[in-house]
$ cat run_5.cif   # mmCIF, C-alpha atoms and all ligand atoms
data_coords
#
loop_
_atom_site.label_atom_id
_atom_site.label_comp_id
_atom_site.auth_asym_id
_atom_site.auth_seq_id
_atom_site.Cartn_x
_atom_site.Cartn_y
_atom_site.Cartn_z
CA MET A 1 -149.02 -59.80 34.92
CA HIS A 2 -146.56 -59.58 32.06
CA SER A 3 -143.22 -61.23 32.44
CA VAL A 4 -140.16 -60.38 30.38
CA GLY A 5 -137.57 -63.01 31.15
CA VAL A 6 -136.55 -63.66 27.58
CA SER A 7 -134.05 -61.51 25.85
CA HIS A 8 -133.69 -62.49 22.16
CA GLY A 9 -134.45 -59.79 19.63
CA LEU A 10 -135.27 -57.03 22.10
CA LYS A 11 -134.90 -53.31 21.54
CA ILE A 12 -133.15 -52.06 24.67
CA LEU A 13 -132.87 -48.38 25.54
CA VAL A 14 -129.87 -47.66 27.79
CA THR A 15 -129.85 -44.12 29.21
CA GLY A 16 -126.35 -43.08 30.23
CA GLY A 17 -124.95 -45.80 27.97
CA ALA A 18 -121.73 -43.80 27.43
CA GLY A 19 -120.95 -43.71 31.16
CA TYR A 20 -118.75 -45.81 33.39
CA ILE A 21 -121.21 -48.70 33.87
CA GLY A 22 -123.15 -48.10 30.64
CA SER A 23 -120.04 -48.47 28.46
CA GLN A 24 -119.55 -51.97 29.90
CA LEU A 25 -123.23 -52.89 29.78
CA ILE A 26 -123.71 -51.96 26.11
CA ARG A 27 -120.78 -54.25 25.22
CA ASP A 28 -122.09 -57.10 27.34
CA LEU A 29 -125.52 -56.76 25.73
CA GLY A 30 -123.91 -56.86 22.28
CA GLU A 31 -121.86 -59.99 23.06
CA ASP A 32 -124.14 -62.06 25.26
CA PRO A 33 -125.86 -64.81 23.21
CA ARG A 34 -128.97 -64.43 25.38
CA PHE A 35 -129.43 -61.03 23.70
CA ALA A 36 -128.65 -62.19 20.16
CA GLY A 37 -130.53 -60.16 17.58
CA SER A 38 -131.26 -57.39 20.07
CA GLN A 39 -130.75 -53.72 19.31
CA VAL A 40 -129.15 -51.45 21.88
CA VAL A 41 -130.17 -47.79 21.74
CA ILE A 42 -127.81 -45.58 23.74
CA TYR A 43 -129.45 -42.39 25.03
CA ASP A 44 -126.92 -39.91 26.38
CA SER A 45 -126.26 -36.17 26.52
CA MET A 46 -122.48 -36.81 26.37
CA ARG A 47 -122.07 -34.22 29.15
CA ASP A 48 -118.82 -35.88 30.18
CA GLU A 49 -117.60 -36.27 26.59
CA ARG A 50 -116.72 -39.93 27.00
CA PHE A 51 -116.75 -40.57 23.25
CA GLN A 52 -114.29 -43.44 23.69
CA SER A 53 -117.16 -45.38 25.33
CA LEU A 54 -118.74 -45.66 21.90
CA MET A 55 -115.65 -46.84 20.03
CA HIS A 56 -114.73 -50.46 19.25
CA LEU A 57 -118.20 -51.78 20.05
CA PRO A 58 -118.54 -55.52 19.45
CA GLU A 59 -119.37 -56.45 15.88
CA SER A 60 -121.89 -59.00 17.13
CA GLY A 61 -124.04 -56.18 18.56
CA ARG A 62 -126.55 -53.87 16.87
CA TYR A 63 -126.29 -50.30 18.11
CA ASP A 64 -127.97 -46.98 17.64
CA PHE A 65 -127.16 -43.70 19.38
CA HIS A 66 -129.86 -41.25 20.39
CA TYR A 67 -128.44 -37.90 21.45
CA GLY A 68 -130.63 -36.40 24.12
CA ASP A 69 -131.03 -35.13 27.63
CA LEU A 70 -133.08 -36.67 30.43
CA GLN A 71 -134.73 -33.29 30.85
CA ASP A 72 -136.14 -33.45 27.33
CA ALA A 73 -139.34 -35.43 27.88
CA ASP A 74 -140.32 -35.44 24.20
CA GLU A 75 -136.93 -36.75 23.08
CA LEU A 76 -137.21 -39.58 25.60
CA ILE A 77 -140.70 -40.46 24.38
CA ALA A 78 -139.34 -40.62 20.83
CA ALA A 79 -136.38 -42.78 21.88
CA ALA A 80 -138.53 -45.23 23.89
CA GLN A 81 -141.34 -45.42 21.35
CA ASP A 82 -140.74 -48.98 20.06
CA CYS A 83 -138.37 -50.29 22.76
CA ASP A 84 -139.09 -53.37 24.86
CA VAL A 85 -137.04 -52.51 27.92
CA ILE A 86 -135.30 -49.47 29.39
CA VAL A 87 -132.17 -49.61 31.52
CA HIS A 88 -131.99 -46.22 33.21
CA LEU A 89 -128.42 -45.31 34.19
CA ALA A 90 -128.08 -41.64 33.23
CA ALA A 91 -127.68 -39.37 36.23
CA LEU A 92 -125.47 -36.85 37.94
CA THR A 93 -123.34 -39.34 39.78
CA ASN A 94 -121.05 -37.48 42.16
CA ALA A 95 -122.61 -37.72 45.62
CA VAL A 96 -120.13 -35.29 47.20
CA VAL A 97 -120.72 -32.64 44.55
CA SER A 98 -124.50 -33.07 44.95
CA PHE A 99 -124.35 -31.37 48.39
CA GLY A 100 -123.68 -28.09 46.59
CA ARG A 101 -125.97 -28.81 43.64
CA ALA A 102 -129.18 -30.12 45.16
CA GLU A 103 -131.45 -28.38 42.66
CA GLU A 104 -129.62 -29.65 39.59
CA THR A 105 -129.45 -33.14 41.13
CA GLU A 106 -133.22 -33.10 41.61
CA GLU A 107 -133.75 -31.88 38.04
CA VAL A 108 -131.62 -34.59 36.44
CA ASN A 109 -131.87 -37.51 38.83
CA TYR A 110 -135.46 -37.22 40.00
CA ASN A 111 -137.32 -35.25 37.32
CA GLY A 112 -135.20 -37.00 34.68
CA THR A 113 -136.27 -40.38 36.06
CA GLU A 114 -139.90 -39.23 36.01
CA ASN A 115 -139.43 -38.39 32.32
CA VAL A 116 -137.99 -41.87 31.64
CA LEU A 117 -140.94 -43.49 33.40
CA ALA A 118 -143.41 -41.29 31.52
CA ALA A 119 -141.75 -42.39 28.26
CA ALA A 120 -142.10 -46.04 29.34
CA ASP A 121 -145.75 -45.39 30.09
CA ARG A 122 -146.35 -43.67 26.73
CA SER A 123 -144.63 -46.40 24.70
CA PRO A 124 -146.95 -49.22 23.62
CA THR A 125 -144.07 -51.74 23.70
CA VAL A 126 -141.98 -51.14 26.86
CA ARG A 127 -142.46 -53.90 29.46
CA ARG A 128 -139.55 -53.48 31.86
CA VAL A 129 -137.55 -50.65 33.40
CA ILE A 130 -134.36 -51.45 35.31
CA TYR A 131 -133.28 -48.47 37.40
CA ALA A 132 -129.79 -47.82 38.73
CA SER A 133 -130.09 -46.85 42.38
CA THR A 134 -127.41 -46.79 45.03
CA CYS A 135 -126.60 -48.37 48.39
CA SER A 136 -126.04 -44.84 49.69
CA VAL A 137 -129.84 -44.56 50.08
CA TYR A 138 -129.35 -46.36 53.43
CA GLY A 139 -127.28 -43.54 54.93
CA GLU A 140 -125.29 -44.05 58.08
CA THR A 141 -126.35 -47.24 59.80
CA SER A 142 -125.15 -49.57 62.46
CA GLY A 143 -124.63 -53.22 61.62
CA CYS A 144 -125.57 -54.59 58.24
CA VAL A 145 -128.58 -53.37 56.30
CA ASP A 146 -130.71 -55.21 53.78
CA GLU A 147 -133.54 -54.21 51.44
CA ARG A 148 -136.04 -54.15 54.34
CA SER A 149 -134.00 -51.69 56.39
CA GLU A 150 -135.03 -48.08 56.81
CA CYS A 151 -133.30 -45.56 54.58
CA HIS A 152 -131.76 -42.32 55.85
CA PRO A 153 -130.15 -40.82 52.75
CA GLU A 154 -127.69 -38.04 53.55
CA SER A 155 -126.65 -36.49 50.22
CA PRO A 156 -129.09 -34.93 47.74
CA TYR A 157 -127.80 -37.60 45.33
CA ALA A 158 -128.97 -40.42 47.61
CA ARG A 159 -132.22 -38.64 48.51
CA PHE A 160 -133.31 -38.21 44.89
CA LYS A 161 -132.19 -41.75 43.98
CA LEU A 162 -134.53 -43.03 46.70
CA GLN A 163 -137.37 -40.86 45.40
CA GLY A 164 -136.70 -42.30 41.95
CA GLU A 165 -136.99 -45.84 43.36
CA ARG A 166 -140.41 -44.99 44.73
CA SER A 167 -141.54 -43.80 41.31
CA VAL A 168 -140.18 -47.01 39.74
CA GLN A 169 -142.14 -49.05 42.29
CA ALA A 170 -145.31 -47.14 41.37
CA LEU A 171 -144.82 -47.90 37.66
CA SER A 172 -146.82 -51.11 37.68
CA GLY A 173 -149.88 -49.38 39.18
CA ARG A 174 -149.52 -46.42 36.84
CA THR A 175 -149.43 -48.67 33.76
CA PHE A 176 -152.01 -51.24 34.97
CA GLY A 177 -149.34 -53.92 35.27
CA ARG A 178 -147.99 -53.43 31.72
CA VAL A 179 -144.58 -52.02 32.70
CA LEU A 180 -142.72 -53.54 35.64
CA GLY A 181 -139.75 -51.93 37.35
CA THR A 182 -136.71 -53.21 39.19
CA SER A 183 -134.37 -51.00 41.24
CA LEU A 184 -130.80 -52.16 41.67
CA ARG A 185 -129.01 -50.52 44.60
CA LEU A 186 -125.38 -50.67 43.54
CA GLY A 187 -122.48 -50.55 45.94
CA THR A 188 -119.52 -48.33 45.02
CA VAL A 189 -118.40 -49.53 41.61
CA PHE A 190 -114.71 -50.13 40.84
CA GLY A 191 -112.57 -51.57 38.06
CA LEU A 192 -111.84 -50.86 34.43
CA SER A 193 -114.51 -50.14 31.85
CA PRO A 194 -114.20 -48.34 28.50
CA GLY A 195 -115.81 -45.23 30.04
CA LEU A 196 -113.73 -45.39 33.22
CA ARG A 197 -114.57 -42.92 35.99
CA VAL A 198 -112.00 -42.36 38.70
CA HIS A 199 -113.69 -40.46 41.51
CA THR A 200 -114.61 -43.33 43.83
CA VAL A 201 -112.51 -45.12 46.42
CA VAL A 202 -110.84 -48.16 44.81
CA ASN A 203 -110.17 -46.51 41.44
CA ILE A 204 -108.76 -43.36 43.01
CA PHE A 205 -106.49 -45.33 45.32
CA ALA A 206 -105.13 -47.60 42.59
CA LEU A 207 -104.67 -45.00 39.86
CA HIS A 208 -103.40 -42.18 42.06
CA GLY A 209 -101.15 -44.77 43.71
CA ALA A 210 -99.79 -45.80 40.30
CA LEU A 211 -98.71 -42.23 39.53
CA GLY A 212 -97.68 -41.17 43.04
CA MET A 213 -100.53 -38.65 43.27
CA PRO A 214 -101.59 -38.08 46.89
CA ILE A 215 -104.93 -39.27 48.23
CA THR A 216 -106.71 -38.10 51.35
CA VAL A 217 -108.35 -40.47 53.84
CA PHE A 218 -110.80 -38.79 56.21
CA GLY A 219 -111.35 -40.15 59.69
CA THR A 220 -109.92 -43.44 60.89
CA GLY A 221 -110.31 -45.32 57.60
CA ASP A 222 -112.32 -47.96 59.45
CA GLN A 223 -115.54 -46.96 57.70
CA TYR A 224 -117.16 -49.83 55.80
CA ARG A 225 -118.56 -49.47 52.31
CA PRO A 226 -120.18 -51.93 49.91
CA PHE A 227 -118.32 -52.51 46.62
CA VAL A 228 -119.02 -54.18 43.29
CA HIS A 229 -116.83 -54.56 40.21
CA VAL A 230 -118.09 -52.76 37.09
CA ARG A 231 -118.36 -56.03 35.10
CA ASP A 232 -120.36 -57.57 37.96
CA ALA A 233 -122.55 -54.45 38.07
CA SER A 234 -123.20 -54.91 34.35
CA SER A 235 -123.97 -58.62 34.85
CA ALA A 236 -126.53 -57.66 37.51
CA PHE A 237 -128.42 -55.59 34.93
CA LEU A 238 -128.32 -58.51 32.45
CA PHE A 239 -129.52 -60.78 35.24
CA ALA A 240 -132.45 -58.48 36.07
CA LEU A 241 -133.37 -58.32 32.38
CA THR A 242 -133.43 -62.12 32.05
CA THR A 243 -134.93 -63.05 35.43
CA PRO A 244 -138.66 -62.38 35.90
CA GLU A 245 -138.30 -63.00 39.67
CA THR A 246 -136.55 -59.62 39.95
CA GLN A 247 -139.64 -57.78 38.70
CA GLU A 248 -141.02 -55.15 41.07
CA LEU A 249 -138.17 -55.68 43.53
CA VAL A 250 -135.55 -53.41 45.03
CA LEU A 251 -132.27 -55.38 45.23
CA ASN A 252 -128.80 -54.64 46.58
CA VAL A 253 -125.91 -55.31 44.19
CA VAL A 254 -122.86 -55.92 46.36
CA GLY A 255 -119.74 -57.98 45.81
CA GLU A 256 -118.26 -57.38 49.24
CA ASN A 257 -118.08 -54.88 52.10
CA ALA A 258 -114.64 -53.55 52.95
CA THR A 259 -113.08 -50.74 54.97
CA VAL A 260 -110.99 -47.98 53.46
CA ASN A 261 -107.99 -49.32 55.41
CA GLN A 262 -108.51 -52.82 53.97
CA ILE A 263 -108.46 -51.37 50.47
CA LEU A 264 -105.30 -49.44 51.29
CA SER A 265 -103.72 -52.68 52.49
CA TYR A 266 -104.42 -54.23 49.04
CA VAL A 267 -103.24 -51.18 47.11
CA LYS A 268 -100.01 -50.34 48.97
CA PRO A 269 -98.00 -53.46 48.09
CA ARG A 270 -98.90 -53.11 44.38
CA PHE A 271 -98.44 -49.33 44.13
CA PRO A 272 -95.63 -48.40 46.53
CA LYS A 273 -95.68 -44.76 45.36
CA LEU A 274 -99.11 -44.34 47.01
CA LYS A 275 -99.08 -41.24 49.25
CA VAL A 276 -101.82 -41.17 51.87
CA ARG A 277 -102.73 -37.98 53.71
CA ARG A 278 -104.91 -38.60 56.74
CA GLU A 279 -107.29 -35.92 57.93
CA PRO A 280 -109.32 -36.09 61.12
CA GLY A 281 -113.07 -35.76 61.14
CA ARG A 282 -115.79 -36.75 58.80
CA HIS A 283 -115.89 -35.71 55.17
CA LEU A 284 -119.18 -35.22 53.34
CA ASN A 285 -120.44 -38.62 52.24
CA GLN A 286 -117.85 -40.55 54.28
CA LEU A 287 -120.45 -42.97 55.56
CA SER A 288 -119.75 -46.25 57.26
CA TYR A 289 -122.21 -48.92 56.35
CA GLU A 290 -122.31 -52.60 55.42
CA VAL A 291 -124.88 -53.87 52.98
CA ASP A 292 -126.28 -57.39 52.68
CA GLY A 293 -126.27 -58.49 49.05
CA SER A 294 -127.70 -61.98 49.61
CA ALA A 295 -131.21 -61.41 48.16
CA LEU A 296 -129.94 -61.03 44.58
CA ARG A 297 -127.52 -63.95 45.09
CA GLN A 298 -130.36 -66.17 46.26
CA LEU A 299 -132.13 -65.43 42.97
CA GLY A 300 -129.00 -66.64 41.14
CA TRP A 301 -126.73 -63.64 40.43
CA GLN A 302 -123.06 -64.21 41.28
CA PRO A 303 -120.34 -61.56 41.41
CA VAL A 304 -116.97 -62.90 40.25
CA ILE A 305 -114.42 -60.14 40.82
CA ASN A 306 -113.48 -59.01 44.32
CA VAL A 307 -111.75 -55.77 45.29
CA GLN A 308 -108.32 -57.38 45.52
CA ASP A 309 -108.66 -58.86 42.01
CA GLY A 310 -109.79 -55.46 40.72
CA ILE A 311 -106.63 -53.88 42.14
CA GLU A 312 -104.51 -56.67 40.62
CA GLU A 313 -106.12 -55.85 37.28
CA PHE A 314 -105.12 -52.18 37.62
CA ALA A 315 -101.61 -53.30 38.59
CA ARG A 316 -101.35 -55.32 35.37
CA LEU A 317 -102.78 -52.47 33.29
CA CYS A 318 -100.38 -49.97 34.85
CA SER A 319 -97.49 -52.43 35.02
CA PRO A 320 -94.65 -49.90 34.60
CA PHE A 321 -95.94 -48.12 37.70
CA ALA A 322 -96.72 -51.17 39.83
CA THR A 323 -94.74 -53.90 41.53
CA GLN A 324 -94.62 -57.14 39.58
CA THR A 325 -98.08 -58.72 39.36
CA SER A 326 -98.84 -61.89 41.24
CA GLY A 327 -100.56 -63.71 38.37
CA VAL A 328 -104.02 -63.77 39.99
CA VAL A 329 -106.63 -64.76 37.39
CA ILE A 330 -109.47 -62.25 37.33
CA GLY A 331 -112.85 -63.87 37.75
CA GLY A 332 -111.30 -67.31 38.09
N1 LIG A 401 -120.41 -45.81 39.69
C1 LIG A 401 -120.85 -46.05 40.92
O1 LIG A 401 -120.06 -46.25 41.88
C2 LIG A 401 -122.33 -46.13 41.18
C3 LIG A 401 -122.78 -46.59 42.43
C4 LIG A 401 -124.14 -46.63 42.69
C5 LIG A 401 -125.04 -46.25 41.71
N2 LIG A 401 -124.59 -45.81 40.51
C6 LIG A 401 -125.59 -45.38 39.52
O2 LIG A 401 -125.39 -46.08 38.31
C7 LIG A 401 -125.70 -45.23 37.20
C8 LIG A 401 -124.54 -45.19 36.24
O3 LIG A 401 -123.39 -44.73 36.96
P1 LIG A 401 -122.01 -44.45 36.24
O4 LIG A 401 -120.97 -44.60 37.27
O5 LIG A 401 -121.95 -45.22 34.97
O6 LIG A 401 -122.19 -42.90 35.92
P2 LIG A 401 -121.40 -41.97 34.89
O7 LIG A 401 -121.41 -40.61 35.50
O8 LIG A 401 -120.12 -42.57 34.51
O9 LIG A 401 -122.33 -41.98 33.59
C9 LIG A 401 -123.52 -41.27 33.54
C10 LIG A 401 -123.88 -41.10 32.07
O10 LIG A 401 -125.13 -40.38 32.05
C11 LIG A 401 -125.01 -39.33 31.10
N3 LIG A 401 -125.86 -38.22 31.56
C12 LIG A 401 -125.69 -37.45 32.66
N4 LIG A 401 -126.66 -36.55 32.73
C13 LIG A 401 -127.47 -36.75 31.66
C14 LIG A 401 -128.66 -36.14 31.22
N5 LIG A 401 -129.20 -35.10 31.86
N6 LIG A 401 -129.24 -36.62 30.09
C15 LIG A 401 -128.69 -37.67 29.41
N7 LIG A 401 -127.56 -38.29 29.79
C16 LIG A 401 -126.96 -37.83 30.92
C17 LIG A 401 -123.54 -38.92 31.09
O11 LIG A 401 -123.18 -38.31 29.87
C18 LIG A 401 -122.85 -40.26 31.29
O12 LIG A 401 -122.57 -40.90 30.04
C19 LIG A 401 -126.05 -43.87 37.79
O13 LIG A 401 -127.44 -43.73 37.86
C20 LIG A 401 -125.45 -43.91 39.16
O14 LIG A 401 -126.15 -43.08 40.07
C21 LIG A 401 -123.26 -45.74 40.21
#
$ encode --input "run_5.cif" --output "structure tokens"
Amino acid sequence: MHSVGVSHGLKILVTGGAGYIGSQLIRDLGEDPRFAGSQVVIYDSMRDERFQSLMHLPESGRYDFHYGDLQDADELIAAAQDCDVIVHLAALTNAVVSFGRAEETEEVNYNGTENVLAAADRSPTVRRVIYASTCSVYGETSGCVDERSECHPESPYARFKLQGERSVQALSGRTFGRVLGTSLRLGTVFGLSPGLRVHTVVNIFALHGALGMPITVFGTGDQYRPFVHVRDASSAFLFALTTPETQELVLNVVGENATVNQILSYVKPRFPKLKVRREPGRHLNQLSYEVDGSALRQLGWQPVINVQDGIEEFARLCSPFATQTSGVVIGG
């Protein structure tokens, strides 16, 4: 069995490299000495026009941009041709919207993943694929779930992410052990990155709170969700790339579990203009679940930024619109 635990001088294809997580990851790859001499190839359709993600990239990194769509199998084969590893992030990423766009979600998130895996298979050099999955594959659960728990995905987004995981797991068999996959099930990501996205809980609360824009909380607000800071999410991908023990595994990437009300209790003192509308009932994708992130920690990955620190960071960044910051050191 091949093992890619080293990282110097690799050619790394990052699909969705212009996105929220990708824009952080491509910078971390360019700056991390473990990846010195590596080349990062960003593959993105730029559907969200986040061109700022590609500006001010670190001078220590070597970058190339490959414009293309996941649905273009030939373009992916060309992009992956002489790469060593693929980090597959590109996807339609709004779980709520996916309820009304199941077909398109399948096309991009499932068939697109199949195209990425076919490109890995066709390339003579690719050895690893790290796939961005989601903790929402678990669906509504009671208690705390881990990687051995049954999955009951509710949204088309979660359903096709889970199908993608299964294809990633089959990659080793399909390539006779030449290409090994890892699926990282990320909790809801929060915090600042160059390609910031603002449609998930912590970011919405902090940034709408900063500007006095109303937010809506459905149900009691006691629903638990797993969270991870965007820089910790990026470090999990670097960890998977440099740690052979993660090969062929599905791993949760979670900093902490918190309820919506807990997050509100962190946001309110920093952003007093926050206006919360409460609506009874259950909104699409308002799941309550707690996710055990200990397996990845036991292998050696450590998250360093909790939700409260992430909100403090937004308060510093939006200082004219926040109460005076408390001086908490992020990641300290
Ligand atoms: N952000 C989260 O809270 C979160 C949580 C769990 C899992 N994930 C997963 O992590 C990955 C990255 O998430 P993100 O938040 O950075 O997403 P994002 O929406 O910010 O970025 C996605 C990127 O993929 C690109 N893209 C979309 N469709 C494409 C296509 N058909 N062809 C080529 N490029 C395409 C977009 O242009 C964008 O740059 C996704 O797979 C997502 O499902 C994210």
$ residues_near_ligand --input "run_5.cif" --ligand "ligand LIG 401 (chain A)" --cutoff "6 Å" --atoms "only C-alpha atoms and all ligand atoms" --output "NGL selection string"
:A and (16-22 or 44-48 or 68-71 or 89-93 or 108 or 132-134 or 186-189 or 197)
$ closest_atom_pairs --input "run_5.cif" --of "segment 154-226 of chain A" --to "segment 244-266 of chain A" --cutoff "7 Å" --atoms "all atoms listed in the file" --output "Markdown table"
| residue | atom | partner | partner_atom | distance |
| --- | --- | --- | --- | --- |
| A:Gln169 | CA | A:Glu248 | CA | 6.3 |
| A:Leu180 | CA | A:Glu248 | CA | 5.9 |
| A:Gly181 | CA | A:Glu248 | CA | 5.1 |
| A:Thr182 | CA | A:Glu248 | CA | 5.1 |
| A:Ser183 | CA | A:Val250 | CA | 4.6 |
| A:Leu184 | CA | A:Leu251 | CA | 5.0 |
| A:Arg185 | CA | A:Asn252 | CA | 4.6 |
| A:Leu186 | CA | A:Val253 | CA | 4.7 |
| A:Gly187 | CA | A:Val254 | CA | 5.4 |
| A:Val202 | CA | A:Ile263 | CA | 6.9 |
| A:Gly221 | CA | A:Val260 | CA | 5.0 |
| A:Asp222 | CA | A:Thr259 | CA | 5.3 |
| A:Gln223 | CA | A:Thr259 | CA | 5.3 |
| A:Tyr224 | CA | A:Thr259 | CA | 4.3 |
| A:Arg225 | CA | A:Asn257 | CA | 5.4 |
| A:Pro226 | CA | A:Asn257 | CA | 4.2 |
$ atom_distance --input "run_5.cif" --atom1 "atom CA of Leu296 of chain A" --atom2 "atom CA of Ala120 of chain A"
24.6 Å
$ atom_distance --input "run_5.cif" --atom1 "atom CA of Gly143 of chain A" --atom2 "atom CA of Tyr110 of chain A"
29.0 Å
$ atom_distance --input "run_5.cif" --atom1 "atom CA of Leu196 of chain A" --atom2 "atom CA of Asn306 of chain A"
17.6 Å
$ closest_residue --input "run_5.cif" --among "A:Gln324, A:Ser235, A:Glu312, A:Tyr289" --to "His152 of chain A" --atoms "only C-alpha atoms"
A:Tyr289
$ residues_around --input "run_5.cif" --residues "His88 of chain A" --least-positions-apart "2" --cutoff "7 Å" --atoms "all atoms listed in the file" --output "short mmCIF file (atom, residue, chain, number, x, y, z; two decimals) with C-alpha atoms, keeping the file's coordinate frame"
data_model
loop_
_atom_site.label_atom_id
_atom_site.label_comp_id
_atom_site.auth_asym_id
_atom_site.auth_seq_id
_atom_site.Cartn_x
_atom_site.Cartn_y
_atom_site.Cartn_z
CA VAL A 14 -129.87 -47.66 27.79
CA THR A 15 -129.85 -44.12 29.21
CA ILE A 86 -135.30 -49.47 29.39
CA ALA A 90 -128.08 -41.64 33.23
CA ILE A 130 -134.36 -51.45 35.31
CA TYR A 131 -133.28 -48.47 37.40
CA ALA A 132 -129.79 -47.82 38.73
#
$ decode --input "run_5.cif" --residues "segment 240-254 of chain A" --atoms "C-alpha atoms" --output "PDB file, in the first residue's frame"
ATOM      1  CA  ALA A 240      -4.741  14.589   6.529  1.00  0.00           C
ATOM      2  CA  LEU A 241      -2.219  15.314   3.763  1.00  0.00           C
ATOM      3  CA  THR A 242       0.755  14.798   6.095  1.00  0.00           C
ATOM      4  CA  THR A 243      -0.560  11.910   8.199  1.00  0.00           C
ATOM      5  CA  PRO A 244      -0.687   8.480   6.538  1.00  0.00           C
ATOM      6  CA  GLU A 245      -2.808   7.135   9.432  1.00  0.00           C
ATOM      7  CA  THR A 246      -5.757   9.126   8.038  1.00  0.00           C
ATOM      8  CA  GLN A 247      -5.694   7.161   4.771  1.00  0.00           C
ATOM      9  CA  GLU A 248      -8.921   5.354   3.916  1.00  0.00           C
ATOM     10  CA  LEU A 249     -10.699   6.809   6.942  1.00  0.00           C
ATOM     11  CA  VAL A 250     -13.813   8.895   7.402  1.00  0.00           C
ATOM     12  CA  LEU A 251     -13.127  11.432  10.178  1.00  0.00           C
ATOM     13  CA  ASN A 252     -15.193  14.105  11.915  1.00  0.00           C
ATOM     14  CA  VAL A 253     -13.635  17.574  12.062  1.00  0.00           C
ATOM     15  CA  VAL A 254     -15.197  19.316  15.042  1.00  0.00           C
TER      16      VAL A 254
END
